[in-house]
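Student: Questions regarding the structure given below will be posed in turn.
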Amino acid sequence: MNREFVEYLSARQNETLAVATILFTRGSTPRKAGTSMVVFPDGSIFGTIGGGRAENEIRLSAVDSLKKKETHRRIEVRLDDDAAVKEGMVCGGEMDVWIETQNI
C-alpha cells in the first residue's frame with residue numbers, strides 16, 4: 001500500500017468501507033496485482049483499480065458486499081467478453097479481485 005492510501009484511511013474514523021485489491025491478472029489489464037482502491041457504501045471511491053467498466057463492476061460488487069455485510073468476496077473481472085468488445089475495451093485480460101470489508 002502506498003503512503004497516501006494509508007494516510008487517507010488513517011484520517012477517517014468509525015466508517016465501514018471495502019478495500020478491493022487485485023490478486024492477480026492474466027493477459028493485458030489496466031492495473032496489476034497489488035493495486036487497491038477503497039469503496040464506500042454510497043459507491044464513492046478513493047484510488048483506482050483500472051477505470052472504465054472493470055472498475056465500475058468492482059465498485060458495484062464492493063457496494064453489494066457492504067450491503068450484505070459480507071466480510072470478503074472474490075470476483076473475476078473479464079475484459080475480453082462481448083460487453084468489453086462492444087465498449088471498445090482494448091485490454092482483453094482478466095483480473096481476480098479480493099474485496100474485504102473493514103470497519104475503521
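Quick note on naming: the chains in the C-alpha cells go A, B, ... in the order shown, residues restart at 1 in each chain, and ligands are numbered from 1 in order of appearance.
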As a PyMOL selection string, please: all residues of chain A that backbone DSSP puts in strand (DSSP E or B).
Tutor: chain A and resi 16-26+28+36-39+45-46+72-78+92+94-103
Student: As a ChimeraX atom specification, list the residues of range 13-104 of chain A assigned to helix (DSSP H, G or I) by DSSP on the backbone atoms of this structure.
Tutor: /A:52-67,82-86
Student: When distances are computed from only C-alpha atoms, which of A:Ile99, A:Ile104, A:Leu79, A:Ile58 shows the smallest separation from Arg26 in chain A?
Tutor: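 So, comparing all the options, the nearest one is A:Leu79.
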Student: Could you give me, as an MDAnalysis selection string, the residues within 8 Å of range 43-52 of chain A, counting only C-alpha atoms and dropping anything in the same chain fewer than 2 positions from it?
Tutor: chainID A and resid 5 20:22 29:31 35:41 54:56 59:60 63
Student: Write a file of the selected residues as an mmCIF file, in the first residue's frame, keeping N, CA, C and O atoms.
Tutor:
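What follows is the written file out.cif:
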data_model
loop_
_atom_site.group_PDB
_atom_site.id
_atom_site.type_symbol
_atom_site.label_atom_id
_atom_site.label_comp_id
_atom_site.auth_asym_id
_atom_site.auth_seq_id
_atom_site.Cartn_x
_atom_site.Cartn_y
_atom_site.Cartn_z
ATOM 1 N N PHE A 5 -2.405 6.299 0.490
ATOM 2 C CA PHE A 5 -3.536 5.421 0.785
ATOM 3 C C PHE A 5 -3.659 5.211 2.290
ATOM 4 O O PHE A 5 -4.735 5.349 2.871
ATOM 5 N N ALA A 20 -10.815 -3.083 -2.262
ATOM 6 C CA ALA A 20 -10.726 -4.004 -3.391
ATOM 7 C C ALA A 20 -9.277 -4.040 -3.857
ATOM 8 O O ALA A 20 -8.683 -2.992 -4.132
ATOM 9 N N THR A 21 -8.706 -5.241 -3.910
ATOM 10 C CA THR A 21 -7.306 -5.406 -4.285
ATOM 11 C C THR A 21 -7.191 -6.445 -5.388
ATOM 12 O O THR A 21 -7.773 -7.531 -5.281
ATOM 13 N N ILE A 22 -6.437 -6.127 -6.413
ATOM 14 C CA ILE A 22 -6.199 -7.089 -7.486
ATOM 15 C C ILE A 22 -5.253 -8.160 -6.959
ATOM 16 O O ILE A 22 -4.147 -7.852 -6.515
ATOM 17 N N THR A 29 -4.180 -5.962 -18.754
ATOM 18 C CA THR A 29 -5.111 -5.311 -17.834
ATOM 19 C C THR A 29 -4.598 -3.902 -17.517
ATOM 20 O O THR A 29 -3.399 -3.649 -17.596
ATOM 21 N N PRO A 30 -5.501 -2.993 -17.136
ATOM 22 C CA PRO A 30 -5.067 -1.620 -16.872
ATOM 23 C C PRO A 30 -4.209 -1.478 -15.612
ATOM 24 O O PRO A 30 -3.394 -0.574 -15.520
ATOM 25 N N ARG A 31 -4.384 -2.346 -14.646
ATOM 26 C CA ARG A 31 -3.586 -2.336 -13.413
ATOM 27 C C ARG A 31 -3.148 -3.768 -13.123
ATOM 28 O O ARG A 31 -3.741 -4.728 -13.601
ATOM 29 N N THR A 35 -2.683 -3.629 -6.719
ATOM 30 C CA THR A 35 -3.368 -2.346 -6.812
ATOM 31 C C THR A 35 -4.664 -2.405 -6.003
ATOM 32 O O THR A 35 -5.400 -3.378 -6.092
ATOM 33 N N SER A 36 -4.925 -1.370 -5.220
ATOM 34 C CA SER A 36 -6.113 -1.336 -4.364
ATOM 35 C C SER A 36 -6.880 -0.044 -4.537
ATOM 36 O O SER A 36 -6.320 0.975 -4.940
ATOM 37 N N MET A 37 -8.158 -0.101 -4.203
ATOM 38 C CA MET A 37 -8.983 1.100 -4.091
ATOM 39 C C MET A 37 -9.963 0.884 -2.950
ATOM 40 O O MET A 37 -10.315 -0.239 -2.619
ATOM 41 N N VAL A 38 -10.404 2.004 -2.361
ATOM 42 C CA VAL A 38 -11.384 1.979 -1.289
ATOM 43 C C VAL A 38 -12.743 2.298 -1.886
ATOM 44 O O VAL A 38 -12.867 3.188 -2.722
ATOM 45 N N VAL A 39 -13.765 1.550 -1.440
ATOM 46 C CA VAL A 39 -15.136 1.791 -1.883
ATOM 47 C C VAL A 39 -15.992 2.016 -0.639
ATOM 48 O O VAL A 39 -15.968 1.218 0.298
ATOM 49 N N PHE A 40 -16.743 3.115 -0.654
ATOM 50 C CA PHE A 40 -17.622 3.461 0.454
ATOM 51 C C PHE A 40 -19.040 2.987 0.159
ATOM 52 O O PHE A 40 -19.395 2.760 -0.997
ATOM 53 N N PRO A 41 -19.878 2.831 1.187
ATOM 54 C CA PRO A 41 -21.245 2.337 0.989
ATOM 55 C C PRO A 41 -22.066 3.132 -0.026
ATOM 56 O O PRO A 41 -22.933 2.583 -0.693
ATOM 57 N N ALA A 54 -14.535 -2.162 -15.957
ATOM 58 C CA ALA A 54 -13.960 -3.078 -14.961
ATOM 59 C C ALA A 54 -14.022 -2.465 -13.566
ATOM 60 O O ALA A 54 -14.452 -3.119 -12.610
ATOM 61 N N GLU A 55 -13.611 -1.212 -13.458
ATOM 62 C CA GLU A 55 -13.650 -0.550 -12.151
ATOM 63 C C GLU A 55 -15.085 -0.415 -11.653
ATOM 64 O O GLU A 55 -15.358 -0.617 -10.468
ATOM 65 N N ASN A 56 -16.012 -0.100 -12.540
ATOM 66 C CA ASN A 56 -17.406 0.020 -12.146
ATOM 67 C C ASN A 56 -17.956 -1.321 -11.661
ATOM 68 O O ASN A 56 -18.676 -1.377 -10.660
ATOM 69 N N ARG A 59 -16.543 -1.832 -8.242
ATOM 70 C CA ARG A 59 -17.187 -0.889 -7.314
ATOM 71 C C ARG A 59 -18.583 -1.377 -6.933
ATOM 72 O O ARG A 59 -18.931 -1.421 -5.746
ATOM 73 N N LEU A 60 -19.373 -1.784 -7.907
ATOM 74 C CA LEU A 60 -20.728 -2.270 -7.630
ATOM 75 C C LEU A 60 -20.711 -3.539 -6.788
ATOM 76 O O LEU A 60 -21.534 -3.714 -5.892
ATOM 77 N N VAL A 63 -19.939 -2.482 -3.190
ATOM 78 C CA VAL A 63 -21.116 -1.883 -2.550
ATOM 79 C C VAL A 63 -22.104 -2.979 -2.152
ATOM 80 O O VAL A 63 -22.653 -2.970 -1.044
#
Student: Have a look at A:Gln102, A:Ala11, A:Asp96, A:Ala62 and name the one nearest to Gly27 in chain A; count only C-alpha atoms.
Tutor: A:Asp96
Student: Kindly give the distance, in Å, that separates CA of Lys32 in chain A and CA of Trp98 in chain A, rounded to a single decimal.
Tutor: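 Between CA of Lys32 in chain A and CA of Trp98 in chain A the gap works out to 13.0 Å.
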Student: Looking at only C-alpha atoms, which of A:Val6, A:Leu17, A:Ser28, A:Thr71 is the one that sits closest to Gly92 in chain A?
Tutor: A:Ser28
Student: Go through A:Ser10, A:Thr16, A:Thr25, A:Asn2 one by one, measure the shortest atom-to-atom distance of each to Ser65 in chain A using only C-alpha atoms, and give the residue with the smallest value.
Tutor: A:Thr16
Student: Residues at most 7 Å from His72 in chain A, counting only C-alpha atoms, excluding those fewer than 2 positions away in the same chain, as a PyMOL selection string?
Tutor: chain A and resi 70+74+99-101
Student: Once you have the residues from the selection above, write them out as an mmCIF file, in the first residue's frame, restricted to N, CA, C and O atoms.
Tutor:
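Generated output (part-v7.cif):
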data_model
loop_
_atom_site.group_PDB
_atom_site.id
_atom_site.type_symbol
_atom_site.label_atom_id
_atom_site.label_comp_id
_atom_site.auth_asym_id
_atom_site.auth_seq_id
_atom_site.Cartn_x
_atom_site.Cartn_y
_atom_site.Cartn_z
ATOM 1 N N GLU A 70 -20.973 -8.762 4.142
ATOM 2 C CA GLU A 70 -20.003 -9.832 3.938
ATOM 3 C C GLU A 70 -18.641 -9.370 4.450
ATOM 4 O O GLU A 70 -18.324 -8.186 4.401
ATOM 5 N N ARG A 74 -14.568 -12.640 -3.457
ATOM 6 C CA ARG A 74 -13.583 -12.731 -4.540
ATOM 7 C C ARG A 74 -14.347 -12.752 -5.858
ATOM 8 O O ARG A 74 -15.294 -13.519 -6.021
ATOM 9 N N ILE A 99 -12.229 -8.499 -2.388
ATOM 10 C CA ILE A 99 -12.925 -7.377 -1.762
ATOM 11 C C ILE A 99 -13.112 -7.737 -0.284
ATOM 12 O O ILE A 99 -13.694 -8.755 0.036
ATOM 13 N N GLU A 100 -12.599 -6.869 0.561
ATOM 14 C CA GLU A 100 -12.681 -7.108 2.005
ATOM 15 C C GLU A 100 -13.310 -5.898 2.673
ATOM 16 O O GLU A 100 -12.910 -4.769 2.421
ATOM 17 N N THR A 101 -14.334 -6.143 3.487
ATOM 18 C CA THR A 101 -14.954 -5.028 4.191
ATOM 19 C C THR A 101 -14.219 -4.777 5.495
ATOM 20 O O THR A 101 -13.690 -5.686 6.130
#
Student: When distances are computed from only C-alpha atoms, which of A:Leu9, A:Met95, A:Ala33, A:Ala18 shows the smallest separation from Lys69 in chain A?
Tutor: A:Ala18
